[in-house]
file run_17.txt (compact mmCIF, C-alpha atoms)
# COMPACT_ATOMS: atom_id res chain seq x y z
CA MET P 1 18.74 -5.48 -22.23
CA ALA P 2 17.58 -2.86 -24.66
CA THR P 3 14.19 -3.34 -26.31
CA ALA P 4 12.70 -2.01 -29.48
CA TYR P 5 10.32 0.92 -29.13
CA GLY P 6 7.35 -1.12 -30.17
CA SER P 7 8.04 -3.76 -27.53
CA ASP P 8 8.88 -1.37 -24.69
CA PRO P 9 6.34 -1.99 -21.91
CA HIS P 10 6.29 1.72 -21.13
CA SER P 11 5.64 2.84 -24.68
CA ALA P 12 1.94 2.08 -24.38
CA GLU P 13 1.73 4.68 -21.63
CA LEU P 14 3.42 7.46 -23.58
CA GLY P 15 0.18 8.67 -25.10
CA SER P 16 -1.52 9.09 -21.75
CA HIS P 17 1.57 10.72 -20.27
CA ARG P 18 1.40 13.49 -22.83
CA LEU P 19 -1.27 15.03 -20.60
CA PRO P 20 0.00 17.04 -17.62
CA ALA P 21 -0.06 15.19 -14.32
CA GLY P 22 -2.75 17.50 -12.97
CA LEU P 23 -5.15 16.53 -15.76
CA ARG P 24 -4.34 12.81 -15.54
CA ALA P 25 -4.72 12.53 -11.79
CA PRO P 26 -8.57 12.45 -11.57
CA PHE P 27 -8.71 9.47 -13.94
CA GLU P 28 -5.71 7.45 -12.73
CA ALA P 29 -6.26 4.14 -11.00
CA ARG P 30 -4.06 5.28 -8.13
CA THR P 31 -6.49 8.07 -7.24
CA TRP P 32 -9.48 5.73 -7.09
CA ARG P 33 -7.57 3.05 -5.16
CA GLU P 34 -6.49 5.59 -2.55
CA LEU P 35 -10.01 7.04 -2.40
CA CYS P 36 -11.36 3.55 -1.78
CA HIS P 37 -8.85 3.12 1.03
CA LEU P 38 -9.89 6.40 2.65
CA LEU P 39 -13.59 5.53 2.40
CA LEU P 40 -13.02 2.11 3.95
CA ASN P 41 -11.15 3.70 6.85
CA LEU P 42 -14.34 4.78 8.61
CA PRO P 43 -16.27 1.46 8.82
CA ILE P 44 -13.09 -0.40 9.74
CA ALA P 45 -12.16 2.25 12.29
CA LEU P 46 -15.57 1.97 13.94
CA LEU P 47 -14.94 -1.72 14.55
CA THR P 48 -11.30 -1.38 15.63
CA PHE P 49 -11.97 1.62 17.91
CA THR P 50 -14.91 -0.10 19.59
CA TYR P 51 -12.90 -3.30 20.05
CA ALA P 52 -9.85 -1.50 21.42
CA ILE P 53 -11.70 0.71 23.89
CA VAL P 54 -14.07 -1.97 25.17
CA MET P 55 -11.46 -4.71 25.55
CA PHE P 56 -8.78 -2.48 27.00
CA SER P 57 -11.21 -0.97 29.52
CA LEU P 58 -12.44 -4.42 30.46
CA GLY P 59 -8.90 -5.72 30.92
CA VAL P 60 -7.79 -2.74 33.02
CA GLY P 61 -10.96 -2.91 35.11
CA LEU P 62 -10.38 -6.57 35.88
CA LEU P 63 -6.71 -6.23 36.79
CA VAL P 64 -7.75 -6.49 40.42
CA THR P 65 -8.70 -10.07 39.62
CA PHE P 66 -6.78 -12.80 37.84
CA LEU P 67 -8.81 -12.17 34.64
CA GLY P 68 -7.33 -8.77 33.78
CA VAL P 69 -3.95 -9.94 32.51
CA PRO P 70 -5.24 -12.63 30.09
CA ILE P 71 -7.91 -10.24 28.78
CA LEU P 72 -5.28 -7.56 28.07
CA ALA P 73 -3.08 -10.19 26.39
CA LEU P 74 -6.01 -11.31 24.22
CA THR P 75 -6.77 -7.66 23.45
CA LEU P 76 -3.25 -7.18 22.14
CA LEU P 77 -3.50 -10.44 20.18
CA GLY P 78 -6.66 -9.14 18.51
CA ALA P 79 -4.88 -5.85 17.75
CA ARG P 80 -2.11 -7.80 16.02
CA GLY P 81 -4.78 -9.59 13.96
CA LEU P 82 -6.27 -6.23 12.97
CA GLY P 83 -2.76 -5.16 12.01
CA VAL P 84 -2.55 -8.08 9.58
CA VAL P 85 -5.78 -6.92 7.92
CA GLU P 86 -4.63 -3.30 7.72
CA ARG P 87 -1.24 -4.20 6.26
CA GLY P 88 -3.00 -6.28 3.63
CA ARG P 89 -5.37 -3.41 2.82
CA ALA P 90 -2.45 -1.00 2.52
CA ARG P 91 -0.64 -3.46 0.26
CA LEU P 92 -3.69 -3.86 -1.99
CA LEU P 93 -4.98 -0.29 -2.22
CA LEU P 94 -2.00 1.92 -1.35
CA ARG P 95 0.65 -0.32 -2.94
CA HIS P 96 2.52 0.04 0.35
CA ASP P 97 4.17 -3.15 1.57
CA VAL P 98 5.02 -3.18 5.27
CA ALA P 99 6.75 -6.13 6.91
CA ALA P 100 5.04 -7.82 9.82
CA PRO P 101 6.54 -7.22 13.27
CA ALA P 102 8.56 -9.94 14.92
CA PRO P 103 6.64 -12.74 16.65
CA VAL P 104 6.02 -12.35 20.34
CA LEU P 105 7.86 -15.54 21.24
CA ARG P 106 11.17 -16.15 19.49
CA PRO P 107 12.83 -19.54 19.01
CA GLY P 108 14.49 -20.49 22.26
CA ASP P 109 12.06 -18.56 24.48
CA LYS P 110 10.07 -20.33 27.15
CA HIS P 111 6.63 -21.47 26.04
CA GLY P 112 3.39 -21.75 27.94
CA ALA P 113 0.39 -19.59 28.75
CA PHE P 114 2.13 -17.41 31.33
CA ALA P 115 5.23 -16.94 29.17
CA TRP P 116 3.05 -15.98 26.21
CA MET P 117 1.00 -13.47 28.23
CA GLY P 118 4.14 -11.90 29.66
CA ALA P 119 5.76 -11.62 26.24
CA MET P 120 2.58 -10.16 24.74
CA LEU P 121 2.27 -7.50 27.44
CA LYS P 122 5.95 -6.57 27.04
CA SER P 123 5.72 -6.41 23.24
CA GLY P 124 5.99 -2.82 22.04
CA ASP P 125 4.80 -3.88 18.59
CA SER P 126 1.51 -5.12 20.05
CA TRP P 127 0.86 -1.90 21.96
CA ARG P 128 1.60 0.17 18.86
CA GLN P 129 -0.97 -1.82 16.90
CA LEU P 130 -3.53 -1.24 19.65
CA LEU P 131 -2.71 2.48 19.46
CA TYR P 132 -3.31 2.38 15.70
CA ALA P 133 -6.77 0.89 16.30
CA VAL P 134 -7.60 3.88 18.52
CA LEU P 135 -6.05 6.64 16.41
CA LEU P 136 -7.58 5.41 13.17
CA PHE P 137 -11.07 6.48 14.21
CA PRO P 138 -10.61 10.29 14.48
CA TRP P 139 -8.34 10.28 11.44
CA SER P 140 -10.77 8.19 9.37
CA LEU P 141 -13.66 10.46 10.30
CA CYS P 142 -11.72 13.44 8.98
CA THR P 143 -10.58 11.72 5.78
CA PHE P 144 -14.03 10.26 5.04
CA ILE P 145 -15.76 13.64 5.27
CA ILE P 146 -13.14 15.47 3.20
CA SER P 147 -12.96 12.74 0.55
CA VAL P 148 -16.71 12.45 0.11
CA VAL P 149 -17.43 16.19 0.13
CA VAL P 150 -14.67 17.16 -2.27
CA THR P 151 -15.05 14.22 -4.67
CA VAL P 152 -18.85 14.07 -4.84
CA ASN P 153 -19.36 17.83 -5.07
CA GLY P 154 -16.61 18.13 -7.65
CA TRP P 155 -18.14 15.61 -10.04
CA VAL P 156 -21.71 16.83 -9.36
CA LEU P 157 -20.80 20.43 -10.19
CA LEU P 158 -18.63 19.47 -13.16
CA THR P 159 -21.43 17.48 -14.78
CA TYR P 160 -24.21 19.92 -13.79
CA PRO P 161 -24.71 21.22 -17.37
CA LEU P 162 -25.48 17.64 -18.42
CA TRP P 163 -28.25 16.97 -15.92
CA HIS P 164 -29.58 20.43 -14.91
CA TRP P 165 -32.59 19.92 -17.21
CA THR P 166 -33.95 17.27 -14.81
CA ILE P 167 -34.58 19.88 -12.08
CA PRO P 168 -37.26 21.99 -13.87
CA ARG P 169 -38.71 18.86 -15.44
CA TYR P 170 -39.28 17.00 -12.18
CA SER P 171 -39.58 19.89 -9.69
CA ASP P 172 -41.03 23.38 -9.52
CA GLN P 173 -37.70 25.27 -9.60
CA PRO P 174 -35.64 26.39 -12.64
CA GLY P 175 -32.33 24.97 -11.48
CA MET P 176 -30.08 24.09 -8.55
CA GLN P 177 -30.85 26.37 -5.63
CA LEU P 178 -27.95 28.07 -3.86
CA TRP P 179 -29.95 29.96 -1.23
CA SER P 180 -33.50 31.00 -0.40
CA ASP P 181 -35.17 33.41 2.03
CA GLY P 182 -38.57 31.77 1.76
CA ASP P 183 -40.08 33.84 -1.06
CA ASN P 184 -37.05 34.45 -3.24
CA GLY P 185 -34.05 32.32 -4.09
CA PHE P 186 -31.01 32.13 -6.33
CA TYR P 187 -30.99 29.36 -8.91
CA LEU P 188 -28.28 28.22 -11.30
CA ASP P 189 -30.13 28.20 -14.59
CA THR P 190 -28.51 30.66 -17.05
CA ALA P 191 -25.76 29.70 -19.49
CA PHE P 192 -23.18 31.76 -17.58
CA GLU P 193 -24.18 30.18 -14.29
CA LEU P 194 -23.99 26.73 -15.81
CA ALA P 195 -20.48 27.44 -17.14
CA PHE P 196 -19.35 28.94 -13.82
CA THR P 197 -20.71 25.91 -11.92
CA CYS P 198 -18.88 23.60 -14.31
CA ALA P 199 -15.64 25.55 -13.78
CA VAL P 200 -15.96 25.33 -9.99
CA GLY P 201 -16.60 21.59 -10.29
CA ALA P 202 -13.53 21.21 -12.51
CA ALA P 203 -11.43 22.97 -9.87
CA PHE P 204 -12.71 20.56 -7.22
CA VAL P 205 -12.12 17.54 -9.47
CA LEU P 206 -8.56 18.59 -10.27
CA THR P 207 -7.77 19.40 -6.65
CA ALA P 208 -9.35 16.30 -5.07
CA PRO P 209 -6.70 13.76 -6.23
CA TRP P 210 -3.90 15.71 -4.57
CA MET P 211 -5.85 16.03 -1.34
CA ILE P 212 -6.54 12.30 -1.50
CA ARG P 213 -2.86 11.52 -2.11
CA GLY P 214 -1.85 13.73 0.80
CA MET P 215 -4.21 11.92 3.16
CA ALA P 216 -3.11 8.55 1.76
CA PHE P 217 0.49 9.55 2.48
CA VAL P 218 -0.45 10.05 6.12
CA ASP P 219 -2.10 6.61 6.05
CA ARG P 220 1.14 5.11 4.79
CA LEU P 221 3.06 6.77 7.61
CA MET P 222 0.62 5.42 10.19
CA VAL P 223 0.80 1.89 8.79
CA SER P 224 4.61 1.96 8.64
CA GLY P 225 5.09 3.55 12.03
CA LEU P 226 2.46 1.65 14.05
CA LEU P 227 1.86 -1.65 12.26
CA GLY P 228 5.36 -2.52 11.05
CA PRO P 229 8.43 -3.63 12.98
CA SER P 230 10.11 -0.99 15.10
CA GLN P 231 13.31 0.63 13.89
CA LEU P 232 15.23 -1.10 16.67
CA ALA P 233 13.87 -4.52 15.71
CA SER P 234 14.61 -3.89 12.04
CA ARG P 235 18.14 -2.84 12.92
CA VAL P 236 18.66 -5.95 15.05
CA THR P 237 17.45 -8.16 12.20
CA GLU P 238 19.73 -6.36 9.77
CA LEU P 239 22.72 -6.73 12.10
CA GLU P 240 21.98 -10.44 12.59
CA SER P 241 21.94 -10.89 8.83
CA ASP P 242 25.14 -8.87 8.44
CA ARG P 243 26.81 -10.93 11.16
CA GLY P 244 25.94 -14.09 9.26
CA VAL P 245 27.48 -12.66 6.09
CA VAL P 246 30.65 -11.67 7.95
CA VAL P 247 30.97 -15.12 9.52
CA ASP P 248 30.44 -16.86 6.18
CA THR P 249 32.95 -14.56 4.45
CA ALA P 250 35.57 -15.14 7.15
CA ALA P 251 35.06 -18.91 6.93
CA ALA P 252 35.39 -18.80 3.14
CA ASP P 253 38.60 -16.77 3.44
CA LEU P 254 40.05 -19.25 5.93
CA ARG P 255 39.21 -22.16 3.62
CA ARG P 256 40.84 -20.33 0.71
CA ILE P 257 44.02 -19.67 2.71
CA GLU P 258 44.13 -23.28 3.89
CA ARG P 259 43.64 -24.53 0.32
CA ASP P 260 46.32 -22.23 -1.06
CA LEU P 261 48.78 -23.29 1.62
CA HIS P 262 48.01 -26.99 1.16
CA ASP P 263 48.01 -27.05 -2.62
CA GLY P 264 50.69 -24.42 -3.18
CA ALA P 265 53.50 -23.60 -0.79
CA GLN P 266 53.10 -26.69 1.40
CA ALA P 267 53.23 -29.12 -1.53
CA ARG P 268 56.21 -27.29 -2.99
CA LEU P 269 58.09 -27.35 0.34
CA VAL P 270 57.43 -31.10 0.71
CA ALA P 271 58.86 -31.69 -2.77
CA LEU P 272 61.80 -29.47 -1.88
CA ALA P 273 62.56 -31.51 1.26
CA MET P 274 62.50 -34.72 -0.78
CA ASP P 275 64.82 -33.24 -3.41
CA LEU P 276 67.28 -32.09 -0.75
CA GLY P 277 67.19 -35.54 0.85
CA LEU P 278 68.06 -37.15 -2.49
CA ALA P 279 70.81 -34.57 -3.07
CA LYS P 280 72.28 -35.37 0.35
CA GLU P 281 72.46 -39.07 -0.53
CA LYS P 282 74.18 -38.35 -3.85
CA LEU P 283 76.57 -35.79 -2.42
CA THR P 284 79.39 -38.34 -1.94
CA GLU P 285 78.56 -40.67 -4.80
CA ASP P 286 77.73 -38.14 -7.59
CA PRO P 287 78.64 -34.57 -6.60
CA GLU P 288 77.66 -33.14 -10.00
CA ALA P 289 74.14 -34.64 -9.84
CA ALA P 290 73.81 -33.49 -6.24
CA ALA P 291 74.83 -29.93 -7.20
CA LYS P 292 72.28 -29.96 -10.01
CA MET P 293 69.56 -31.12 -7.62
CA VAL P 294 70.52 -28.41 -5.10
CA ASP P 295 70.32 -25.82 -7.87
CA GLU P 296 66.82 -27.03 -8.78
CA ALA P 297 65.86 -26.91 -5.10
CA HIS P 298 67.09 -23.32 -4.93
CA GLY P 299 64.69 -22.44 -7.74
CA GLU P 300 61.86 -24.21 -5.94
CA VAL P 301 62.60 -22.16 -2.82
CA LYS P 302 62.28 -18.93 -4.80
CA ILE P 303 58.93 -20.05 -6.23
CA ALA P 304 57.68 -21.09 -2.78
CA LEU P 305 58.70 -17.73 -1.32
CA GLN P 306 56.84 -15.91 -4.10
CA GLU P 307 53.72 -17.98 -3.46
CA LEU P 308 53.94 -17.16 0.25
CA ARG P 309 54.32 -13.46 -0.56
CA ASP P 310 51.26 -13.60 -2.82
CA LEU P 311 49.34 -15.40 -0.10
CA ALA P 312 50.37 -12.82 2.50
CA ARG P 313 49.37 -10.03 0.12
CA GLY P 314 45.98 -11.69 -0.24
CA ILE P 315 45.53 -11.65 3.55
CA HIS P 316 46.68 -8.08 4.08
CA PRO P 317 49.27 -6.41 1.85
CA ALA P 318 52.24 -4.85 3.64
CA ILE P 319 52.18 -1.79 1.40
CA LEU P 320 48.63 -1.02 2.57
CA THR P 321 49.73 -1.07 6.21
CA ASP P 322 52.91 0.90 5.63
CA ARG P 323 51.91 3.51 3.05
CA GLY P 324 48.12 3.62 2.87
CA LEU P 325 45.41 3.20 0.30
CA GLY P 326 46.87 5.36 -2.49
CA PRO P 327 50.16 3.50 -3.02
CA ALA P 328 48.47 0.13 -2.39
CA LEU P 329 45.90 0.75 -5.12
CA SER P 330 48.61 1.99 -7.48
CA ALA P 331 50.53 -1.26 -6.93
CA LEU P 332 47.31 -3.16 -7.50
CA ALA P 333 46.62 -1.31 -10.75
CA ALA P 334 50.15 -2.03 -11.98
CA ARG P 335 49.40 -5.77 -11.90
CA CYS P 336 46.13 -5.40 -13.86
CA THR P 337 46.18 -6.50 -17.50
CA VAL P 338 44.30 -3.32 -18.48
CA PRO P 339 45.89 0.14 -18.14
CA VAL P 340 44.37 1.70 -15.01
CA LYS P 341 44.45 5.34 -13.96
CA VAL P 342 44.32 5.73 -10.18
CA LEU P 343 43.24 8.94 -8.44
CA VAL P 344 43.12 8.93 -4.63
CA ASP P 345 42.05 12.15 -2.90
CA LEU P 346 42.34 11.46 0.83
CA THR P 347 43.83 13.77 3.44
CA ALA P 348 43.67 11.11 6.18
CA ARG P 349 43.42 7.37 6.47
CA PRO P 350 40.19 5.57 7.37
CA ALA P 351 39.99 2.81 9.94
CA PRO P 352 42.31 -0.11 9.08
CA ALA P 353 39.38 -2.51 8.64
CA ILE P 354 37.63 -0.14 6.21
CA GLU P 355 40.91 0.46 4.40
CA GLY P 356 41.35 -3.28 3.93
CA ILE P 357 37.79 -3.72 2.66
CA ALA P 358 38.29 -0.86 0.21
CA TYR P 359 41.52 -2.42 -1.05
CA PHE P 360 40.03 -5.86 -1.64
CA THR P 361 36.91 -4.34 -3.21
CA VAL P 362 39.04 -2.56 -5.82
CA SER P 363 41.16 -5.71 -6.20
CA GLU P 364 38.13 -7.86 -7.03
CA LEU P 365 36.69 -5.25 -9.40
CA LEU P 366 40.00 -4.97 -11.27
CA GLN P 367 40.17 -8.76 -11.53
CA ASN P 368 36.69 -8.73 -13.08
CA ILE P 369 37.85 -6.10 -15.57
CA SER P 370 40.88 -8.20 -16.49
CA LYS P 371 38.87 -11.40 -16.93
CA HIS P 372 35.51 -10.34 -18.36
CA SER P 373 35.27 -6.73 -19.53
CA GLN P 374 37.38 -6.72 -22.74
CA ALA P 375 38.19 -3.14 -21.80
CA ARG P 376 41.01 -1.01 -23.19
CA THR P 377 41.30 1.36 -20.22
CA ALA P 378 40.02 1.56 -16.66
CA GLY P 379 40.04 4.03 -13.81
CA VAL P 380 39.90 4.02 -10.01
CA ASP P 381 38.78 7.10 -8.07
CA VAL P 382 38.79 7.28 -4.27
CA TRP P 383 37.58 10.22 -2.20
CA ARG P 384 35.92 11.10 1.08
CA ALA P 385 32.37 12.49 1.33
CA ASP P 386 31.57 13.57 4.90
CA THR P 387 31.60 10.34 6.93
CA ARG P 388 31.76 7.99 3.94
CA LEU P 389 34.61 6.59 1.88
CA MET P 390 33.70 6.56 -1.81
CA LEU P 391 35.23 4.23 -4.43
CA GLN P 392 34.48 4.32 -8.14
CA VAL P 393 35.90 1.85 -10.66
CA THR P 394 35.19 2.45 -14.35
CA ASP P 395 36.08 0.72 -17.59
CA ASP P 396 35.23 1.08 -21.29
CA GLY P 397 34.51 -2.61 -21.82
CA LYS P 398 31.48 -4.48 -23.14
CA GLY P 399 29.29 -3.85 -20.07
CA GLY P 400 26.46 -6.12 -18.98
CA ALA P 401 27.71 -6.57 -15.41
CA ASP P 402 25.04 -7.02 -12.73
CA THR P 403 24.62 -8.06 -9.13
CA SER P 404 22.26 -10.95 -9.86
CA ALA P 405 22.35 -13.94 -7.57
CA GLY P 406 25.41 -16.09 -7.97
CA SER P 407 27.69 -13.46 -9.48
CA GLY P 408 30.88 -12.19 -7.86
CA LEU P 409 29.38 -8.74 -7.65
CA ALA P 410 26.50 -10.12 -5.59
CA GLY P 411 28.92 -11.51 -3.02
CA LEU P 412 30.84 -8.25 -3.01
CA ALA P 413 27.61 -6.32 -2.40
CA GLU P 414 26.78 -8.60 0.55
CA ARG P 415 30.21 -8.08 2.10
CA LEU P 416 29.90 -4.31 1.80
CA ASP P 417 26.38 -4.39 3.23
CA ALA P 418 27.72 -6.24 6.27
CA VAL P 419 29.66 -3.09 7.27
CA ASP P 420 26.87 -0.63 6.32
CA GLY P 421 28.35 -0.18 2.87
CA LEU P 422 26.70 0.03 -0.52
CA LEU P 423 27.52 -1.17 -4.03
CA VAL P 424 25.89 0.37 -7.11
CA VAL P 425 26.53 -1.05 -10.59
CA ASP P 426 25.79 0.91 -13.77
CA SER P 427 26.71 -1.32 -16.69
CA PRO P 428 24.52 -1.09 -19.80
CA VAL P 429 25.11 -3.61 -22.56
CA GLY P 430 27.91 -2.21 -24.73
CA GLY P 431 29.44 -0.31 -21.83
CA PRO P 432 30.86 1.64 -20.23
CA THR P 433 30.70 0.19 -16.73
CA THR P 434 30.76 2.24 -13.53
CA VAL P 435 30.82 0.52 -10.15
CA THR P 436 30.46 2.80 -7.14
CA ALA P 437 31.13 1.53 -3.62
CA GLU P 438 30.37 3.43 -0.44
CA LEU P 439 31.84 2.56 2.96
CA PRO P 440 31.68 4.17 6.40
CA TRP P 441 34.81 6.16 7.20
CA ARG P 442 35.28 5.17 10.86
CA GLY P 443 38.66 6.85 11.03

call {"tool": "encode", "arguments": {"input": "run_17.txt", "output": "structure tokens"}}
result
Amino acid sequence: MATAYGSDPHSAELGSHRLPAGLRAPFEARTWRELCHLLLNLPIALLTFTYAIVMFSLGVGLLVTFLGVPILALTLLGARGLGVVERGRARLLLRHDVAAPAPVLRPGDKHGAFAWMGAMLKSGDSWRQLLYAVLLFPWSLCTFIISVVVTVNGWVLLTYPLWHWTIPRYSDQPGMQLWSDGDNGFYLDTAFELAFTCAVGAAFVLTAPWMIRGMAFVDRLMVSGLLGPSQLASRVTELESDRGVVVDTAAADLRRIERDLHDGAQARLVALAMDLGLAKEKLTEDPEAAAKMVDEAHGEVKIALQELRDLARGIHPAILTDRGLGPALSALAARCTVPVKVLVDLTARPAPAIEGIAYFTVSELLQNISKHSQARTAGVDVWRADTRLMLQVTDDGKGGADTSAGSGLAGLAERLDAVDGLLVVDSPVGGPTTVTAELPWRG
């Protein structure tokens, strides 16, 4: 929803954003949060490195006895606990949220001390967190030295003209000493030297935030790569979620087909059978009434056949199988209450499953346009981009469509996500609306 300028939450920041990013960076909260994170790296790394090396060495050394395996398992458990702390620190100071890795024992696994130790020792996530505890120390030593040297010297040199008077007042030298050979030395005490020192400090101060952000970026990579779930585990979780969506969608489609058959064609055929039975009884007694009832039954048959055709089209339209996506979408657009321009630029056909998903995606979007958009015109564009099938449905209606929970677009987005697809909705209030869907080609 549009907001007035005075109530825009970003308008308060416009004044500060008039400064170039390079001049804002030394004073931004992000810089100081990331600096704090880099400075905390060293004391935390001292603890984690000591713990990891001592416990791992102890566990490996005792593998010849029965104590080695439980000590290694407890070492990995402690590394996972350190991972919790580090993910929380990254979330607080780096604004980098990393999901926790999967638990060692999943529901359905065997439980017990030996099962837990075996699962812990086989857990790649646990070993990666132990590796993080070791690697953090050399990296933190580097980042601590660079951060402190650059930041402290930058601000000291930048503010030198403000406090240089304290040196001759409280010591026997005229200013900050750069070098000395015992008898002679070079001191920063003239106006030019003060200005030059201030300029060098300003260069350090302006450069330090970008060095800090670069090192913080490496920290983010380490936290994501070593303390988060592995790519394989994330993919498995995503596929499990997608499988659930597919199963739920298939079950909903089966219930819809069953309901349509029961309430539509089946009920009409039952009524038709009763009418024909009555007509058969009247055939000898009242031929004219029987003929009238047969004529009515003939009309009912036509309606039942049309309902069955519509139902079959809702399962998988014959025109899509026979002629492809272009003609099928053109037939779909012809039934829309809003004039629709269809443009399909495909030199080949995608996989039948993807073709069907694309068809029903456009079908649902056109139904939304007919019911809710108040549009005068609409358009459907279909093309191929490398290994993806792209769909774009536009209309000039009132806009305001979104994928919030509970809407039809939200369910459509979930169904596309189940096949590695994507749905993007751009629908400002007042229109126009553009819905872009992306599907894998899989031809």

call {"tool": "residues_near_point", "arguments": {"input": "run_17.txt", "point": "(-8.1, 3.8, 24.2)", "cutoff": "12 Å", "atoms": "all atoms listed in the file", "output": "list in words"}}
result
Thr48, Phe49, Thr50, Tyr51, Ala52, Ile53, Val54, Met55, Phe56, Ser57, Leu58, Gly59, Val60, Thr75, Trp127, Arg128, Gln129, Leu130, Leu131, Tyr132, Ala133, Val134, Leu135, Leu136, Phe137 and Pro138 of chain P

call {"tool": "residues_around", "arguments": {"input": "run_17.txt", "residues": "Asp219 (chain P)", "least_positions_apart": "5", "cutoff": "10 Å", "atoms": "only C-alpha atoms", "output": "list in words"}}
result
Glu34, His37, Leu38, Asn41, Ala90, Leu94, His96, Leu136, Trp139, Ser140, Thr143, Arg213, Gly214, Ser224 and Gly225 of chain P

call {"tool": "closest_residue", "arguments": {"input": "run_17.txt", "among": "P:Ala100, P:Gly326, P:Leu62, P:Ala203", "to": "Leu82 (chain P)", "atoms": "all atoms listed in the file"}}
result
P:Ala100

call {"tool": "atom_distance", "arguments": {"input": "run_17.txt", "atom1": "CA of Arg388 (chain P)", "atom2": "CA of Arg335 (chain P)"}}
result
27.4 Å

call {"tool": "residues_around", "arguments": {"input": "run_17.txt", "residues": "Thr31 (chain P)", "least_positions_apart": "3", "cutoff": "8 Å", "atoms": "all atoms listed in the file", "output": "list in words"}}
result
Ala25, Pro26, Phe27, Glu28, Glu34, Leu35, Pro209, Ile212 and Arg213 of chain P

call {"tool": "atom_distance", "arguments": {"input": "run_17.txt", "atom1": "CA of Lys371 (chain P)", "atom2": "CA of Val344 (chain P)"}}
result
24.1 Å

call {"tool": "closest_residue", "arguments": {"input": "run_17.txt", "among": "P:Val338, P:Ile167, P:Ala437, P:Met274", "to": "Val382 (chain P)", "atoms": "all atoms listed in the file"}}
result
P:Ala437

call {"tool": "residues_near_point", "arguments": {"input": "run_17.txt", "point": "(33.9, 7.1, 7.6)", "cutoff": "8 Å", "atoms": "only C-alpha atoms", "output": "mmCIF file with C-alpha atoms, keeping the file's coordinate frame"}}
result
data_model
loop_
_atom_site.group_PDB
_atom_site.id
_atom_site.type_symbol
_atom_site.label_atom_id
_atom_site.label_comp_id
_atom_site.auth_asym_id
_atom_site.auth_seq_id
_atom_site.Cartn_x
_atom_site.Cartn_y
_atom_site.Cartn_z
ATOM 1 C CA PRO P 350 40.190 5.570 7.370
ATOM 2 C CA ALA P 351 39.990 2.810 9.940
ATOM 3 C CA ARG P 384 35.920 11.100 1.080
ATOM 4 C CA ASP P 386 31.570 13.570 4.900
ATOM 5 C CA THR P 387 31.600 10.340 6.930
ATOM 6 C CA ARG P 388 31.760 7.990 3.940
ATOM 7 C CA LEU P 389 34.610 6.590 1.880
ATOM 8 C CA LEU P 439 31.840 2.560 2.960
ATOM 9 C CA PRO P 440 31.680 4.170 6.400
ATOM 10 C CA TRP P 441 34.810 6.160 7.200
ATOM 11 C CA ARG P 442 35.280 5.170 10.860
ATOM 12 C CA GLY P 443 38.660 6.850 11.030
#

call {"tool": "closest_residue", "arguments": {"input": "run_17.txt", "among": "P:Gly379, P:Gly81, P:Gly22, P:Gly124", "to": "Ala202 (chain P)", "atoms": "all atoms listed in the file"}}
result
P:Gly22

call {"tool": "closest_atom_pairs", "arguments": {"input": "run_17.txt", "of": "region 324-428 of chain P", "to": "region 432-435 of chain P", "cutoff": "8 Å", "atoms": "only C-alpha atoms", "output": "JSON lines"}}
result
{"residue": "P:Gln392", "atom": "CA", "partner": "P:Val435", "partner_atom": "CA", "distance": 5.6}
{"residue": "P:Val393", "atom": "CA", "partner": "P:Val435", "partner_atom": "CA", "distance": 5.3}
{"residue": "P:Thr394", "atom": "CA", "partner": "P:Thr434", "partner_atom": "CA", "distance": 4.5}
{"residue": "P:Asp395", "atom": "CA", "partner": "P:Thr433", "partner_atom": "CA", "distance": 5.5}
{"residue": "P:Asp396", "atom": "CA", "partner": "P:Pro432", "partner_atom": "CA", "distance": 4.5}
{"residue": "P:Gly397", "atom": "CA", "partner": "P:Pro432", "partner_atom": "CA", "distance": 5.8}
{"residue": "P:Lys398", "atom": "CA", "partner": "P:Pro432", "partner_atom": "CA", "distance": 6.8}
{"residue": "P:Gly399", "atom": "CA", "partner": "P:Thr433", "partner_atom": "CA", "distance": 5.4}
{"residue": "P:Gly400", "atom": "CA", "partner": "P:Thr433", "partner_atom": "CA", "distance": 7.9}
{"residue": "P:Ala401", "atom": "CA", "partner": "P:Thr433", "partner_atom": "CA", "distance": 7.5}
{"residue": "P:Leu423", "atom": "CA", "partner": "P:Val435", "partner_atom": "CA", "distance": 7.2}
{"residue": "P:Val424", "atom": "CA", "partner": "P:Val435", "partner_atom": "CA", "distance": 5.8}
{"residue": "P:Val425", "atom": "CA", "partner": "P:Val435", "partner_atom": "CA", "distance": 4.6}
{"residue": "P:Asp426", "atom": "CA", "partner": "P:Thr434", "partner_atom": "CA", "distance": 5.2}
{"residue": "P:Ser427", "atom": "CA", "partner": "P:Thr433", "partner_atom": "CA", "distance": 4.3}
{"residue": "P:Pro428", "atom": "CA", "partner": "P:Pro432", "partner_atom": "CA", "distance": 6.9}

call {"tool": "write_last_selection", "arguments": {"input": "run_17.txt", "atoms": "C-alpha atoms", "output": "CSV table (one decimal), in the coordinates of the input"}}
result
chain,number,residue,atom,x,y,z
P,392,GLN,CA,34.5,4.3,-8.1
P,393,VAL,CA,35.9,1.8,-10.7
P,394,THR,CA,35.2,2.4,-14.4
P,395,ASP,CA,36.1,0.7,-17.6
P,396,ASP,CA,35.2,1.1,-21.3
P,397,GLY,CA,34.5,-2.6,-21.8
P,398,LYS,CA,31.5,-4.5,-23.1
P,399,GLY,CA,29.3,-3.8,-20.1
P,400,GLY,CA,26.5,-6.1,-19.0
P,401,ALA,CA,27.7,-6.6,-15.4
P,423,LEU,CA,27.5,-1.2,-4.0
P,424,VAL,CA,25.9,0.4,-7.1
P,425,VAL,CA,26.5,-1.0,-10.6
P,426,ASP,CA,25.8,0.9,-13.8
P,427,SER,CA,26.7,-1.3,-16.7
P,428,PRO,CA,24.5,-1.1,-19.8
